[in-house]
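In what follows, a structure is listed as C-alpha cells, so that the remarks can point back to it.
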Amino acid sequence: MNPAAIIVSEVSAAYGSKKALDGVSLAVPAGAHFALLGPNGAGKTTLVSILSTLRRPDGGSAQVAGADVVKRPTEARRSIGVVFQDSSLDDRLTAWENLEFHGLVYGMAPKPRRMMIEQVLELVELGDWTHEVVRSFSGGMRRRLEIARALLHEPKILFLDEPTVGLDAQTRQHIWHYLGRLRQERNLTVLTTTHYIEEVEDADIVCIIDGGKIIAEGSPQALKSQHGKRWLHLTPQDAETLALIQSRFPEAQALGSTALAVPADKDDQVDALLAEFRDRLLEVRFQQPTLESVFLSLTGKELRDRADGQRDADKAAGRRGGRR
Amino acid sequence: MTPIMLLRGVYGVWLREVTRATRDRAQLIGGVSRPLIWLLILGVGFNPYFRGEVYGEVRFVIPYTYLQFLFPAVIVLNIMYTSIQFAVSVIWDREFGFLREVLVSPMPRPLILLGKVLGGSTIATLHGGLVLILARFADVTLSIPDMLTALSLMFVLAFGLTSFGVILAARIRSFEGFGVFSNTIILPLYFTSSAVFPLDPSLTRTQMVTTYPEWLVFMMQVNPITYAVDALRGVLIGFNQFPPSYGLGVIFGMAGIFFVVAMIGFSRS
C-alpha cells in the first residue's frame with residue numbers, strides 16, 4: 001500500500017501567460033487532514049481542479065489514491081469526493097434526487113444507495129428536508145448537502161474547496177467534527193483549501209501557498225515555532241508617524257494604510273519604540289505567534305479579510321457566469 | 001465500472017432530465033399550446049382552401065384534408081422545438097456548475113451524453129405524442145401498430161435533433177442568444193420542410209397543373225426535416241412524397257451523425 005494518498009510533483013499550470021501554479025510538489029499521507037492555506041488567487045482552486053481531474057496540469061504529475069490523474073482519470077475519480085467552491089447542485093431537484101443522481105452516476109446498487117443517502121442526510125442534519133427542492137435551501141444547507149453528496153460513494157479522499165464559506169459557526173464546527181470522525185473511522189484523507197486561518201488550526205498538515213508556490217509546509221505547531229514571530233501591531237495617529245516608524249524598522253509590514261506590524265522578538269527594541277512613540281499611537285497590540293503571523297512573516301502580507309474574500313468570490317462567480 | 005453500473009449511470013442522467021422537465025411548466029405549456037395553435041387555428045382556417053382549385057375551377061383531386069396533411073408535421077414541429085430547446089439544459093449545466101459534478105464522476109463522458117440525449121429525446125417524444133391525442137379531431141385514424149411505428153420514428157428523430165441541440169449549445173454562450181438562435185433555425189426549417197404545404201400542389205405528379213418556384217422546391221428537397229415529415233406522413237396518413245426509405249435513412253442518419261458530432265464536442269470540453 002502506498003502510504004501517501006495524494007502525491008503532487010512539480011505541477012505547474014497557467015492561464016494564458018499568468019502562472020497559477022509554479023512547480024508545486026507535496027505529499028499527503030493517507031488519513032491526514034491537509035489544509036491548503038492561501039489568499040484568493042494563490043492557486044488553491046487550480047490545484048484542486050487538477051487533483052479532481054477537471055484540468056490537466058501544464059507540467060508535472062499528480063496521483064490520487066495511487067492513480068495518475070492524467071493517465072488513469074477514471075480510477076482517480078472513483079476514489080475522490082469533491083465539494084466545489086461554488087454550488088454544483090441541481091436546484092430544481094430535491095435533496096434526495098440530487099443524492100440519488102450522484103449514487104446512480106457512481107454506479108451504486110439500489111440498497112446501499114438508499115442506505116447511504118439516509119446516512120449522509122442524517123450526518124449533515126438535512127433529514128427533515130429530504131424531499132424539498134434545493135432551490136428553497138439556504139446557502140449553508142446547500143453546502144451541507146454538497147458535503148453529504150461528496151461522501152455518498154464512500155471516497156478515500158475528500159477535496160473541499162473553501163468548504164465553509166457562508167456557513168454559521170455551529171454548522172462549521174459540526175462539519176469539522178464529522179469529518180474528523182470519518183477520518184478516524186474510515187481512514188478518510190481530507191484536503192481543504194481555505195483562506196480562513198482559524199480553520200486550519202486543527203489540520204495535521206498546513207501548506208501555505210501564495211502566488212502559485214508553496215512557501216511553507218508542516219503541522220500548525222511546527223510552522224508557528226519555525227516561522228512565527230511575536231509581532232507588535234501599531235496604529236499611529238498620523239501618516240507622518242507611520243512613515244517614521246517604518247523608516248526606523250525596515251522589517252515592519254504595512255497592515256492596510258493606517259497600521260503596521262513590527263517584529264517584537266527583541267524586548268529592548270520594543271521598549272525603545274514604545275518609549276519614543278507612546279504619545280503618537282492610537283492602538284498597540286501584541287500578536288502571539290499564530291498562523292496568521294506565520295503567513296505575515298512568510299509573505300509580507302496579511303491574508304485578506306473575510307469580507308474581501310467574499311467579494312472576490314462573488315466577482316469570480318460573476319466572471320464565470322458571463323464568461324466568453 | 002461494470003456494465004450494470006454504467007447502465008445505472010445512464011439511467012441516472014436520463015432520470016434527472018425527465019424529472020427536471022416535469023417540473024418545468026413553461027416547457028409543458030409550450031408542448032400543449034403549439035399543436036393546438038397549429039391544428040385548431042392554422043389547420044382549421046386553411047382546411048377549406050386545400051383543394052385542387054385554380055381560378056375557381058377544380059383542376060385536380062386532393063385525397064386529403066389540410067388537417068390530415070398538417071397533422072404529422074405538427075408532431076415534427078413539437079419534437080423540433082422541444083429537442084432544440086434542450087440545448088438550454090446543456091447551457092444551464094455548464095453555466096451553473098452542475099456539469100462539474102458529472103465530470104468528476106467515474107462515468108465515461110460519452111455515456112453521460114447518451115443519458116442526457118436519451119432524456120431529452122424522451123421528453124421531445126412525449127411532446128410529439130401529445131399531438132396524437134388530437135388525431136381524431138384531425139380525422140386521422142390510428143391503428144396501434146401504426147402508432148407504435150410513429151412513436152419509434154419520433155423517438156429516433158428526437159434523438160437526432162436533441163444531439164443537434166447539444167452541438168448548438170457548445171457554440172452558444174448565453175441564454176439570451178439562444179432564443180434568437182432557436183427561432184432562426186426552427187421556423188425556417190419547418191416552413192421549408194413541406195410541412196405546411198406539399199412539394200407539388202396537386203400531391204401527385206400526374207395531375208400537376210401548377211408548380212411552386214424551383215428555388216422553393218430545391219430548398220425543400222435539401223432540408224432533412226422534409227424527409228422526416230414525409231416518413232411520418234407515410235405512417236400516419238399513408239401519403240409519401242418520396243420513397244419511404246428516404247425518410248427512414250434521413251431520420252436514422254441524423255441521429256447517428258449528430259450524436260457522434262455532439263460526442264466529439266462534449267468529450268473535448
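Residues in the C-alpha cells are named by chain (A, B, ... in the order shown) and by number from 1 within that chain; ligands are numbered from 1 in the order shown.
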
Members of stretch 14-92 of chain B assigned strand (DSSP E) by DSSP, as a PyMOL selection string: chain B and resi 53-54+57-58

Go through chain B and flag each residue having an atom no more than 12 Å from chain A; for those, report the closest pair of atoms plus their distance in Å to one decimal, using only C-alpha atoms, ordered by chain and rising number, as JSON lines.
```
{"residue": "B:Met1", "atom": "CA", "partner": "A:Gly107", "partner_atom": "CA", "distance": 7.3}
{"residue": "B:Thr2", "atom": "CA", "partner": "A:Gly107", "partner_atom": "CA", "distance": 8.3}
{"residue": "B:Pro3", "atom": "CA", "partner": "A:Gly107", "partner_atom": "CA", "distance": 9.3}
{"residue": "B:Ile4", "atom": "CA", "partner": "A:Gly107", "partner_atom": "CA", "distance": 7.5}
{"residue": "B:Met5", "atom": "CA", "partner": "A:Gly107", "partner_atom": "CA", "distance": 4.0}
{"residue": "B:Leu6", "atom": "CA", "partner": "A:Gly107", "partner_atom": "CA", "distance": 6.2}
{"residue": "B:Leu7", "atom": "CA", "partner": "A:Gly107", "partner_atom": "CA", "distance": 7.9}
{"residue": "B:Arg8", "atom": "CA", "partner": "A:Leu104", "partner_atom": "CA", "distance": 5.2}
{"residue": "B:Gly9", "atom": "CA", "partner": "A:Val105", "partner_atom": "CA", "distance": 3.9}
{"residue": "B:Val10", "atom": "CA", "partner": "A:Val105", "partner_atom": "CA", "distance": 7.3}
{"residue": "B:Tyr11", "atom": "CA", "partner": "A:Leu104", "partner_atom": "CA", "distance": 7.4}
{"residue": "B:Gly12", "atom": "CA", "partner": "A:Leu104", "partner_atom": "CA", "distance": 5.2}
{"residue": "B:Val13", "atom": "CA", "partner": "A:Phe101", "partner_atom": "CA", "distance": 7.0}
{"residue": "B:Trp14", "atom": "CA", "partner": "A:Phe101", "partner_atom": "CA", "distance": 9.6}
{"residue": "B:Leu15", "atom": "CA", "partner": "A:Phe101", "partner_atom": "CA", "distance": 8.0}
{"residue": "B:Arg16", "atom": "CA", "partner": "A:Phe101", "partner_atom": "CA", "distance": 7.0}
{"residue": "B:Glu17", "atom": "CA", "partner": "A:Leu93", "partner_atom": "CA", "distance": 10.1}
{"residue": "B:Val18", "atom": "CA", "partner": "A:Leu93", "partner_atom": "CA", "distance": 10.9}
{"residue": "B:Thr19", "atom": "CA", "partner": "A:Leu93", "partner_atom": "CA", "distance": 7.6}
{"residue": "B:Arg20", "atom": "CA", "partner": "A:Arg92", "partner_atom": "CA", "distance": 6.4}
{"residue": "B:Ala21", "atom": "CA", "partner": "A:Arg92", "partner_atom": "CA", "distance": 9.7}
{"residue": "B:Thr22", "atom": "CA", "partner": "A:Arg92", "partner_atom": "CA", "distance": 10.4}
{"residue": "B:Arg23", "atom": "CA", "partner": "A:Arg92", "partner_atom": "CA", "distance": 7.6}
{"residue": "B:Asp24", "atom": "CA", "partner": "A:Arg92", "partner_atom": "CA", "distance": 8.9}
{"residue": "B:Ser89", "atom": "CA", "partner": "A:Asp90", "partner_atom": "CA", "distance": 11.1}
{"residue": "B:Ile91", "atom": "CA", "partner": "A:Gly321", "partner_atom": "CA", "distance": 10.9}
{"residue": "B:Trp92", "atom": "CA", "partner": "A:Asp90", "partner_atom": "CA", "distance": 9.8}
{"residue": "B:Asp93", "atom": "CA", "partner": "A:Asp90", "partner_atom": "CA", "distance": 8.4}
{"residue": "B:Arg94", "atom": "CA", "partner": "A:Gly321", "partner_atom": "CA", "distance": 9.5}
{"residue": "B:Glu95", "atom": "CA", "partner": "A:Gly321", "partner_atom": "CA", "distance": 6.0}
{"residue": "B:Phe96", "atom": "CA", "partner": "A:Ser88", "partner_atom": "CA", "distance": 6.9}
{"residue": "B:Gly97", "atom": "CA", "partner": "A:Ser88", "partner_atom": "CA", "distance": 4.7}
{"residue": "B:Phe98", "atom": "CA", "partner": "A:Ser88", "partner_atom": "CA", "distance": 4.4}
{"residue": "B:Leu99", "atom": "CA", "partner": "A:Ser88", "partner_atom": "CA", "distance": 7.5}
{"residue": "B:Arg100", "atom": "CA", "partner": "A:Ser88", "partner_atom": "CA", "distance": 6.9}
{"residue": "B:Glu101", "atom": "CA", "partner": "A:Ser88", "partner_atom": "CA", "distance": 6.1}
{"residue": "B:Val102", "atom": "CA", "partner": "A:Val105", "partner_atom": "CA", "distance": 7.6}
{"residue": "B:Leu103", "atom": "CA", "partner": "A:Leu54", "partner_atom": "CA", "distance": 7.0}
{"residue": "B:Val104", "atom": "CA", "partner": "A:Arg77", "partner_atom": "CA", "distance": 5.8}
{"residue": "B:Ser105", "atom": "CA", "partner": "A:Arg77", "partner_atom": "CA", "distance": 5.7}
{"residue": "B:Pro106", "atom": "CA", "partner": "A:Thr74", "partner_atom": "CA", "distance": 4.9}
{"residue": "B:Met107", "atom": "CA", "partner": "A:Val105", "partner_atom": "CA", "distance": 6.3}
{"residue": "B:Pro108", "atom": "CA", "partner": "A:Thr74", "partner_atom": "CA", "distance": 7.8}
{"residue": "B:Arg109", "atom": "CA", "partner": "A:Thr74", "partner_atom": "CA", "distance": 10.4}
{"residue": "B:Leu111", "atom": "CA", "partner": "A:Val105", "partner_atom": "CA", "distance": 10.1}
{"residue": "B:Ile112", "atom": "CA", "partner": "A:Val105", "partner_atom": "CA", "distance": 8.6}
{"residue": "B:Gly115", "atom": "CA", "partner": "A:Val105", "partner_atom": "CA", "distance": 10.4}
{"residue": "B:Ala170", "atom": "CA", "partner": "A:Arg324", "partner_atom": "CA", "distance": 11.7}
{"residue": "B:Arg171", "atom": "CA", "partner": "A:Arg324", "partner_atom": "CA", "distance": 10.5}
{"residue": "B:Ile172", "atom": "CA", "partner": "A:Arg324", "partner_atom": "CA", "distance": 9.5}
{"residue": "B:Arg173", "atom": "CA", "partner": "A:Arg324", "partner_atom": "CA", "distance": 6.5}
{"residue": "B:Ser174", "atom": "CA", "partner": "A:Gly322", "partner_atom": "CA", "distance": 7.8}
{"residue": "B:Phe175", "atom": "CA", "partner": "A:Gly322", "partner_atom": "CA", "distance": 10.5}
{"residue": "B:Glu176", "atom": "CA", "partner": "A:Gly322", "partner_atom": "CA", "distance": 11.5}
{"residue": "B:Arg268", "atom": "CA", "partner": "A:Leu54", "partner_atom": "CA", "distance": 11.6}
{"residue": "B:Ser269", "atom": "CA", "partner": "A:Leu54", "partner_atom": "CA", "distance": 9.8}
```

Distance query A:Lys156 at most 10 Å, only C-alpha atoms, self and fewer than 3 positions along chain excluded, as a ChimeraX atom specification: /A:5,30-31,64-65,78-81,151,153,183,186-190
